[in-house]
Amino acid sequence: MTGHQCGSCSRGSNDLDELRRHSHQTGHVGFRENDGVNTSGAAEVVEDAESSGSKSGKGRIVVAAAVGLGVATALGVLAWKCMKLKAENDELAAENGELKNENGELNSLAGGLLAEVAELLTENEYLKSASGAGTTLRSYGS
Ligand SMILES: [Zn+2]
C-alpha cells in the first residue's frame with residue numbers, strides 16, 4: 001500500500017514529491033494519505049492559515065474581552081441611568097400626586113364656577129324674557 005494517492009486518479013506513491021510532480025504534469029488536483037485524510041495541495045495553505053489563525057485567534061479573544069468590557073460598562077451605565085430614571089420617576093410620581101390634588105381642587109373650583117355660570121345664565125334668560133328687563137328697556141326706548 002502506498003503512503004499517498006493522487007486525488008484525481010489512482011496514481012499512488014510513498015513519495016509526496018513524486019505525486020507533486022505528477023500533479024504538475026497532469027494537472028490533477030490534490031492527493032490523499034492512505035488513511036483517507038485529504039491532504040490536498042491546499043494542505044500547506046491550511047497549515048499557514050492555522051499558524052496565523054492562532055495569532056488572530058488570540059486577537060479575537062482580546063476583541064471579545066474588550067467587547068465584554070464595553071458591554072459591562074454599557075450595562076453599568078444603563079443600570080445607573082435606570083436608577084436615575086427611577087428616582088426621577090419617583091419624583092414625577094410625587095409631583096403627579098400633587099398635581100392630582102391640585103386638579104381635584106381645580107375640579108371643585110370649576111364645579112363652583114359652573115354653578116355660578118348656571119345661575120348667571122338663568123338670570124340672563126330672565127333678563128331676555130318678556131317679563132324681564134327687556135321689556136323695561138324697550139319701554140324706555142319708545
Ligand atoms: Zn493523478
# chains A, B, ... in the order shown; residues from 1 in each chain; ligands from 1

$ residues_around --residues "Asn14 in chain A" --least-positions-apart "4" --cutoff "7 Å" --atoms "only C-alpha atoms" --output "PDB file with C-alpha atoms, in the first residue's frame"
ATOM      1  CA  THR A   2       1.289   3.411  -0.946  1.00  0.00           C
ATOM      2  CA  GLY A   3       1.512   6.250   1.535  1.00  0.00           C
ATOM      3  CA  HIS A   4      -0.148   8.817  -0.682  1.00  0.00           C
TER       4      HIS A   4
END

$ residues_near_ligand --ligand "ligand 1" --cutoff "10 Å" --atoms "only C-alpha atoms and all ligand atoms" --output "list in words"
Gln5, Cys6, Gly7, Ser8, Cys9, Ser10, Arg11, Gly12, Leu19, Arg20, Arg21, His22, Ser23, His24, Gln25, Thr26, Gly27, His28, Val29, Gly30 and Phe31 of chain A

$ atom_distance --atom1 "CA of Lys100 in chain A" --atom2 "CA of Ala115 in chain A"
22.2 Å

$ atom_distance --atom1 "CA of Leu121 in chain A" --atom2 "CA of Leu106 in chain A"
21.6 Å
